[in-house]
Amino acid sequence: MADAALNGSRRLGPQEIADDLRRRIRSGELKAGEQLPTQAALAEEFGVERGTVRQALQLLQSDGLLSNRSKGAPPRIASSAPGRDEPQPTMVALAPRLVEAFQAPQVRIDAVCMTSETLMLALGEPLRLIHEGRMRPESIDVRILLPSRDIDLAFPVPVSEGADRAEDQAVHQRWLATRNAQGQVLRHNLRSLRSSHGIDVKVTFRALPFTPPVKLYLLNEVEALLSYYMVTRREEEIDSGTKLEMYAATGTQALLFSFERRAGHRDRAFVEESQKWFDALWETITSDLTLS
């Protein structure tokens, strides 16, 4: 299912249409105050029903990107629509940044995260554009640092200090299965570009000896994107029919902060130091990681 979602073999959903329109707004292709095309025109462009377009517009409305939504006229781009320098939820902001990064001939993506879920999903947009023939990098090199399977994670963990070993192991195994499955999907979808488009693709994982409190994305050594894992206490299902209260974190809704080399001395220093930090981890205290 994930593969089909990324290779353009099925109809787009509301989220994917919203992401495409969001990218146009962020890039300035659609300007503040400008009216969107009609729902009929958008439905024809994306090859979907009008109901799907309406759902996509509702997503943009909830992000504060649209104004004047009425039955009589297409909505306009909000004059206060956030720019690319303003932090947005990670899942919202990462996809258009990756689209821009994939326009380079040699693409280099480095990431530090708990799992590769957000990166796996956000890569759907540039992969779709590649499959549509709208962009074609010569090479793609992706390096990902994930926590080792052999460490005691800071999160997710059971809330109860008296949790037995079986509960600890169940939570850990659930995280590990997720880490491995998402990493395998990401690697497969990128490597498939070798045979389908002749693109030189390399995807490598290494294991961290600690739990990263943040997620960091480094794009072509020119932009650093940082968001904090927000740890919350909640009940989750760890296996069929078994629920457990735990401390866990999701990164998709945390704000993503962007730092660009071209934006000034402080941003440039942050990008450079972040890249040095990543490279040092990659070359020293991390170890080989097998997704199994």
# chains A, B, ... in the order shown; residues from 1 in each chain; ligands from 1

$ residues_around --residues "region 280-292 of chain A" --least-positions-apart "6" --cutoff "12 Å" --atoms "only C-alpha atoms" --output "compact mmCIF listing (two decimals) with N, CA, C and O atoms, in the first residue's frame"
# COMPACT_ATOMS: atom_id res chain seq x y z
N ASP A 110 20.59 13.82 5.11
CA ASP A 110 21.02 13.19 6.35
C ASP A 110 19.93 13.41 7.39
O ASP A 110 19.34 14.49 7.47
N ALA A 111 19.65 12.39 8.20
CA ALA A 111 18.57 12.50 9.17
C ALA A 111 18.92 11.79 10.46
O ALA A 111 19.53 10.73 10.46
N VAL A 112 18.51 12.41 11.58
CA VAL A 112 18.58 11.79 12.90
C VAL A 112 17.16 11.75 13.44
O VAL A 112 16.50 12.79 13.52
N THR A 115 12.30 7.08 14.39
CA THR A 115 11.95 6.19 13.29
C THR A 115 11.99 7.04 12.03
O THR A 115 12.10 8.26 12.10
N SER A 116 11.87 6.42 10.88
CA SER A 116 11.91 7.18 9.62
C SER A 116 10.51 7.45 9.08
O SER A 116 10.35 7.72 7.89
N ARG A 143 21.41 9.19 4.32
CA ARG A 143 22.01 8.58 5.50
C ARG A 143 21.09 8.85 6.70
O ARG A 143 20.72 10.00 6.94
N ILE A 144 20.77 7.80 7.43
CA ILE A 144 19.81 7.93 8.52
C ILE A 144 20.38 7.31 9.79
O ILE A 144 20.82 6.16 9.78
N LEU A 145 20.34 8.09 10.88
CA LEU A 145 20.74 7.60 12.19
C LEU A 145 19.48 7.32 13.01
O LEU A 145 18.64 8.20 13.21
N LEU A 146 19.35 6.07 13.48
CA LEU A 146 18.22 5.64 14.29
C LEU A 146 18.76 5.00 15.58
O LEU A 146 19.88 4.48 15.59
N PRO A 147 17.97 5.02 16.66
CA PRO A 147 18.45 4.38 17.89
C PRO A 147 18.72 2.89 17.70
O PRO A 147 18.01 2.20 16.98
N SER A 148 19.73 2.42 18.37
CA SER A 148 20.08 1.00 18.33
C SER A 148 19.00 0.17 19.00
O SER A 148 18.37 0.59 19.98
N ARG A 149 18.81 -1.03 18.52
CA ARG A 149 17.88 -1.97 19.13
C ARG A 149 18.36 -2.45 20.48
O ARG A 149 17.60 -3.00 21.28
N ASP A 150 19.65 -2.26 20.79
CA ASP A 150 20.25 -2.85 21.98
C ASP A 150 20.27 -1.91 23.19
O ASP A 150 20.76 -2.30 24.26
N GLN A 173 9.70 -3.84 21.60
CA GLN A 173 9.54 -4.61 20.37
C GLN A 173 8.57 -3.91 19.42
O GLN A 173 8.74 -3.98 18.20
N LEU A 176 10.58 -1.22 17.84
CA LEU A 176 11.58 -1.80 16.94
C LEU A 176 10.94 -2.26 15.63
O LEU A 176 11.49 -2.03 14.55
N ALA A 177 9.79 -2.90 15.72
CA ALA A 177 9.10 -3.36 14.52
C ALA A 177 8.72 -2.19 13.64
O ALA A 177 8.84 -2.25 12.40
N THR A 178 8.27 -1.10 14.26
CA THR A 178 7.92 0.11 13.51
C THR A 178 9.15 0.71 12.85
O THR A 178 9.13 1.07 11.67
N ARG A 179 10.24 0.83 13.62
CA ARG A 179 11.50 1.36 13.08
C ARG A 179 11.95 0.59 11.86
O ARG A 179 12.31 1.17 10.82
N ASN A 180 11.92 -0.73 11.95
CA ASN A 180 12.41 -1.57 10.86
C ASN A 180 11.49 -1.51 9.64
O ASN A 180 11.96 -1.38 8.50
N ALA A 181 10.18 -1.60 9.86
CA ALA A 181 9.24 -1.62 8.74
C ALA A 181 9.28 -0.31 7.96
O ALA A 181 9.33 -0.32 6.72
N GLN A 182 9.28 0.81 8.66
CA GLN A 182 9.30 2.10 7.97
C GLN A 182 10.62 2.32 7.25
O GLN A 182 10.65 2.86 6.13
N GLY A 183 11.71 1.91 7.86
CA GLY A 183 13.01 2.03 7.20
C GLY A 183 13.08 1.19 5.93
O GLY A 183 13.64 1.62 4.92
N GLN A 184 12.51 0.01 5.98
CA GLN A 184 12.52 -0.87 4.80
C GLN A 184 11.69 -0.28 3.66
O GLN A 184 12.09 -0.35 2.49
N VAL A 185 10.53 0.30 3.99
CA VAL A 185 9.69 0.92 2.96
C VAL A 185 10.42 2.10 2.34
O VAL A 185 10.46 2.26 1.11
N LEU A 186 11.01 2.95 3.18
CA LEU A 186 11.75 4.11 2.67
C LEU A 186 12.86 3.66 1.73
O LEU A 186 13.02 4.19 0.63
N ARG A 187 13.64 2.69 2.18
CA ARG A 187 14.77 2.21 1.37
C ARG A 187 14.28 1.61 0.05
O ARG A 187 14.86 1.89 -1.02
N HIS A 188 13.22 0.81 0.10
CA HIS A 188 12.70 0.18 -1.11
C HIS A 188 12.21 1.22 -2.12
O HIS A 188 12.51 1.13 -3.32
N VAL A 203 21.13 4.31 0.11
CA VAL A 203 20.43 4.52 1.38
C VAL A 203 21.15 3.72 2.46
O VAL A 203 21.27 2.49 2.35
N THR A 204 21.62 4.40 3.50
CA THR A 204 22.40 3.75 4.55
C THR A 204 21.86 4.12 5.92
O THR A 204 21.51 5.28 6.16
N PHE A 205 21.79 3.14 6.80
CA PHE A 205 21.36 3.35 8.18
C PHE A 205 22.51 3.03 9.13
O PHE A 205 23.27 2.10 8.89
N ARG A 206 22.61 3.79 10.22
CA ARG A 206 23.51 3.45 11.31
C ARG A 206 22.78 3.63 12.63
O ARG A 206 21.79 4.37 12.72
N ALA A 207 23.28 2.93 13.66
CA ALA A 207 22.59 2.87 14.95
C ALA A 207 23.21 3.81 15.97
O ALA A 207 24.43 3.81 16.19
N LEU A 208 22.36 4.61 16.61
CA LEU A 208 22.78 5.51 17.68
C LEU A 208 22.81 4.78 19.01
O LEU A 208 21.93 3.94 19.28
N PRO A 209 23.77 5.10 19.90
CA PRO A 209 23.79 4.47 21.22
C PRO A 209 22.97 5.26 22.24
O PRO A 209 23.15 5.07 23.45
N PHE A 210 22.08 6.17 21.80
CA PHE A 210 21.26 6.95 22.71
C PHE A 210 19.94 7.30 22.03
O PHE A 210 19.77 7.13 20.83
N PRO A 212 17.56 10.00 20.65
CA PRO A 212 17.64 11.41 20.24
C PRO A 212 16.43 12.20 20.75
O PRO A 212 15.29 11.79 20.52
N GLU A 273 27.56 23.54 11.78
CA GLU A 273 27.82 22.80 13.00
C GLU A 273 26.94 21.55 13.09
O GLU A 273 27.38 20.51 13.59
N SER A 274 25.71 21.65 12.61
CA SER A 274 24.83 20.48 12.61
C SER A 274 25.38 19.39 11.70
O SER A 274 25.32 18.20 12.03

$ atom_distance --atom1 "CA of Pro126 (chain A)" --atom2 "CA of Glu260 (chain A)"
20.0 Å

$ select_by_dssp --residues "region 188-230 of chain A" --states "helix (DSSP H, G or I)" --output "number ranges by chain"
A: 188-197

$ closest_residue --among "A:Thr250, A:Gln58, A:Gln275, A:Gln39" --to "Glu117 (chain A)" --atoms "only C-alpha atoms"
A:Thr250

$ closest_residue --among "A:Asp267, A:Glu125, A:Glu44, A:Glu167" --to "Lys243 (chain A)" --atoms "only C-alpha atoms"
A:Glu167

$ residues_around --residues "Arg54 (chain A)" --least-positions-apart "6" --cutoff "12 Å" --atoms "only C-alpha atoms" --output "PyMOL selection string"
chain A and resi 13-15+17-18+38-40+42-43+48+60-61+69-71+74-75

$ atom_distance --atom1 "CA of Leu12 (chain A)" --atom2 "CA of Glu223 (chain A)"
28.7 Å

$ atom_distance --atom1 "CA of Ala248 (chain A)" --atom2 "CA of Ala170 (chain A)"
13.7 Å

$ select_by_dssp --residues "region 84-228 of chain A" --states "strand (DSSP E)" --output "VMD selection string"
chain A and resid 88 to 89 106 to 112 139 to 147 157 to 158 200 to 208 214 to 219 223 to 228

$ residues_around --residues "Leu219 (chain A)" --least-positions-apart "6" --cutoff "12 Å" --atoms "only C-alpha atoms" --output "number ranges by chain"
A: 94-104, 106-111, 119, 140-143, 225-226, 258-261, 271-272, 274-275

$ residues_around --residues "Arg136 (chain A)" --least-positions-apart "2" --cutoff "9 Å" --atoms "only C-alpha atoms" --output "JSON, numbers by chain"
{"A": [102, 103, 104, 105, 129, 130, 131, 133, 134, 138, 139, 197, 199]}
